[in-house]
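Participant: Mind having a look at this structure? Questions to follow.
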Amino acid sequence: MKKNNAEQIGKLIQQFLRQESLESPLNEQRLMDAWPQVLGPAASYTSNLYIRNQTLYVHLTSAALRQELLMGREVLIRTLNKKVGATVITNIIFR
């Protein structure tokens with residue numbers, strides 16, 4: 001039996017997601033799902049996460065946590081993007 005134009009299923013799915021403009025929303029959801037995993041127990045002090053224009057907005061209930069996260073913002077951005085495997089966010093705003 002001869003193989004004609006055989007491609008890996010992962011590549012085909014990725015092409016489909018790009019073609020249908022679903023890749024970006026999927027990556028955004030993956031990043032939101034990774035938030036508690038990356039932040040750990042401190043994630044319980046955060047709420048109302050959303051992404052708009054490659055910026056993650058996070059509402060915090062702890063002023064001390066806000067200061068700590070502001071100092072480690074760049075590392076947090078890199079960690080979240082690495083977890084997703086794509087550059088989903090370029091900035092985080094803590095409110």
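Convention: chains lettered A, B, ... in structure tokens order; per-chain residue numbering from 1; ligands numbered from 1 as shown.
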Which residues are close to region 31-39 of chain A, i.e. within 9 Å by only C-alpha atoms, leaving aside same-chain residues fewer than 3 positions away? Reply as a list in words.
Facilitator: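 The filter keeps Leu26, Asn27, Glu28, Ala42, Ala43, Ser44, Leu49, Tyr50, Ile51, Leu76, Thr79, Leu80, Asn81, Lys83, Val84, Val88 and Ile89 of chain A.
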Participant: Write out, as an mmCIF file, in the first residue's frame, the residues just selected, with N, CA and C atoms.
Facilitator:
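Contents of the output file result16.cif:
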```
data_model
loop_
_atom_site.group_PDB
_atom_site.id
_atom_site.type_symbol
_atom_site.label_atom_id
_atom_site.label_comp_id
_atom_site.auth_asym_id
_atom_site.auth_seq_id
_atom_site.Cartn_x
_atom_site.Cartn_y
_atom_site.Cartn_z
ATOM 1 N N LEU A 26 -8.052 29.706 21.980
ATOM 2 C CA LEU A 26 -7.681 28.454 22.650
ATOM 3 C C LEU A 26 -6.456 28.665 23.533
ATOM 4 N N ASN A 27 -5.455 29.386 23.021
ATOM 5 C CA ASN A 27 -4.257 29.678 23.817
ATOM 6 C C ASN A 27 -4.582 30.580 25.001
ATOM 7 N N GLU A 28 -5.505 31.523 24.811
ATOM 8 C CA GLU A 28 -5.907 32.387 25.920
ATOM 9 C C GLU A 28 -6.565 31.561 27.030
ATOM 10 N N ALA A 42 -1.580 31.415 46.145
ATOM 11 C CA ALA A 42 -1.891 32.846 46.045
ATOM 12 C C ALA A 42 -3.010 33.120 45.040
ATOM 13 N N ALA A 43 -3.304 32.160 44.178
ATOM 14 C CA ALA A 43 -4.359 32.345 43.174
ATOM 15 C C ALA A 43 -5.724 32.538 43.825
ATOM 16 N N SER A 44 -5.878 32.117 45.061
ATOM 17 C CA SER A 44 -7.169 32.282 45.743
ATOM 18 C C SER A 44 -7.464 33.759 46.038
ATOM 19 N N LEU A 49 -10.223 37.250 35.976
ATOM 20 C CA LEU A 49 -9.142 37.285 34.989
ATOM 21 C C LEU A 49 -9.738 37.373 33.589
ATOM 22 N N TYR A 50 -9.169 38.244 32.769
ATOM 23 C CA TYR A 50 -9.546 38.283 31.365
ATOM 24 C C TYR A 50 -8.382 38.847 30.563
ATOM 25 N N ILE A 51 -8.380 38.530 29.280
ATOM 26 C CA ILE A 51 -7.312 38.973 28.385
ATOM 27 C C ILE A 51 -7.924 39.847 27.306
ATOM 28 N N LEU A 76 6.527 36.343 35.603
ATOM 29 C CA LEU A 76 5.201 35.743 35.531
ATOM 30 C C LEU A 76 4.699 35.675 34.090
ATOM 31 N N THR A 79 6.660 32.934 32.337
ATOM 32 C CA THR A 79 6.258 31.615 32.817
ATOM 33 C C THR A 79 4.910 31.201 32.223
ATOM 34 N N LEU A 80 3.958 32.111 32.212
ATOM 35 C CA LEU A 80 2.638 31.799 31.664
ATOM 36 C C LEU A 80 2.713 31.510 30.169
ATOM 37 N N ASN A 81 3.448 32.333 29.427
ATOM 38 C CA ASN A 81 3.585 32.104 27.989
ATOM 39 C C ASN A 81 4.295 30.784 27.705
ATOM 40 N N LYS A 83 4.271 28.155 29.592
ATOM 41 C CA LYS A 83 3.343 27.077 29.949
ATOM 42 C C LYS A 83 2.382 26.793 28.797
ATOM 43 N N VAL A 84 1.954 27.849 28.105
ATOM 44 C CA VAL A 84 1.035 27.707 26.983
ATOM 45 C C VAL A 84 1.776 27.283 25.715
ATOM 46 N N VAL A 88 1.101 34.683 24.343
ATOM 47 C CA VAL A 88 -0.310 35.039 24.447
ATOM 48 C C VAL A 88 -0.465 36.426 25.061
ATOM 49 N N ILE A 89 0.354 36.723 26.087
ATOM 50 C CA ILE A 89 0.268 38.029 26.741
ATOM 51 C C ILE A 89 1.627 38.713 26.722
#
```
Participant: Give me the residues near Thr46 (chain A) as a list in words, where near means some atom within 7 Å (using only C-alpha atoms) and where sequence neighbours in that chain fewer than 3 positions away do not count.
Facilitator: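 In the requested format, the answer is Ala43, Val58, His59, Leu60 and Thr61 of chain A.
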Participant: Please give the complete set of residues from chain A that DSSP, run on the backbone, assigns to strand (DSSP E), formatted as a list in words.
Facilitator: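 Of chain A, only Thr46, Ser47, Asn48, Leu49, Tyr50, Ile51, Arg52, Thr55, Leu56, Tyr57, Val58, His59, Leu60, Asn91, Ile92, Ile93 and Phe94 of chain A fall in strand (DSSP E).
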Participant: Of the candidates A:Ser24, A:Arg66, A:Asn53, A:Asn5, which shows the shortest atom-to-atom distance to Arg95 (chain A), using only C-alpha atoms?
Facilitator: A:Arg66
Participant: Report, in Å with one decimal, the straight-line distance from CA of Gly85 (chain A) to CA of Ser62 (chain A).
Facilitator: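 Rounded to one decimal, the two atoms are 29.4 Å apart.
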Participant: For Pro25 (chain A), which residue out of A:Ile9, A:Tyr57, A:Ala86, A:Glu68 is the nearest one, using only C-alpha atoms?
Facilitator: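 Answer, going by the shortest atom-to-atom distance: A:Ala86.
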Participant: Can you list, as a PDB file with N, CA and C atoms, in the first residue's frame, every protein, DNA or RNA residue that comes within 10 Å of Thr90 (chain A) when you count only C-alpha atoms, leaving out same-chain residues fewer than 5 positions away?
Facilitator:
```pdb
ATOM      1  N   ASN A  53      -6.308  42.434  24.146  1.00  0.00           N
ATOM      2  CA  ASN A  53      -5.159  43.016  23.431  1.00  0.00           C
ATOM      3  C   ASN A  53      -3.820  42.567  24.033  1.00  0.00           C
ATOM      4  N   GLN A  54      -3.671  41.293  24.234  1.00  0.00           N
ATOM      5  CA  GLN A  54      -2.454  40.665  24.779  1.00  0.00           C
ATOM      6  C   GLN A  54      -2.090  41.171  26.167  1.00  0.00           C
ATOM      7  N   THR A  55      -3.072  41.669  26.903  1.00  0.00           N
ATOM      8  CA  THR A  55      -2.867  42.114  28.274  1.00  0.00           C
ATOM      9  C   THR A  55      -3.786  41.315  29.182  1.00  0.00           C
ATOM     10  N   LEU A  56      -3.204  40.723  30.215  1.00  0.00           N
ATOM     11  CA  LEU A  56      -3.974  39.974  31.203  1.00  0.00           C
ATOM     12  C   LEU A  56      -4.365  40.928  32.322  1.00  0.00           C
ATOM     13  N   GLU A  74       7.424  40.460  35.008  1.00  0.00           N
ATOM     14  CA  GLU A  74       8.088  39.955  33.795  1.00  0.00           C
ATOM     15  C   GLU A  74       8.294  38.436  33.855  1.00  0.00           C
ATOM     16  N   ILE A  77       4.923  36.725  33.329  1.00  0.00           N
ATOM     17  CA  ILE A  77       4.533  36.749  31.916  1.00  0.00           C
ATOM     18  C   ILE A  77       5.262  35.652  31.148  1.00  0.00           C
ATOM     19  N   ARG A  78       6.585  35.576  31.354  1.00  0.00           N
ATOM     20  CA  ARG A  78       7.371  34.548  30.662  1.00  0.00           C
ATOM     21  C   ARG A  78       6.923  33.137  31.052  1.00  0.00           C
ATOM     22  N   ASN A  81       3.448  32.333  29.427  1.00  0.00           N
ATOM     23  CA  ASN A  81       3.585  32.104  27.989  1.00  0.00           C
ATOM     24  C   ASN A  81       4.295  30.784  27.705  1.00  0.00           C
TER      25      ASN A  81
END
```
Participant: Could you check which of A:Thr87, A:Arg52, A:Arg73, A:Gln8 is closest to Glu23 (chain A), using only C-alpha atoms?
Facilitator: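 Between A:Thr87, A:Arg52, A:Arg73, A:Gln8, the residue approaching Glu23 (chain A) most closely is A:Thr87.
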Participant: Tell me, in Å to one decimal, how far CA of Leu65 (chain A) is from CA of Phe94 (chain A).
Facilitator: 9.9 Å
Participant: Mind giving me the straight-line distance from CA of Phe16 (chain A) to CA of Asn91 (chain A) in Å, one decimal?
Facilitator: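 Distance reported for this atom pair: 28.0 Å.
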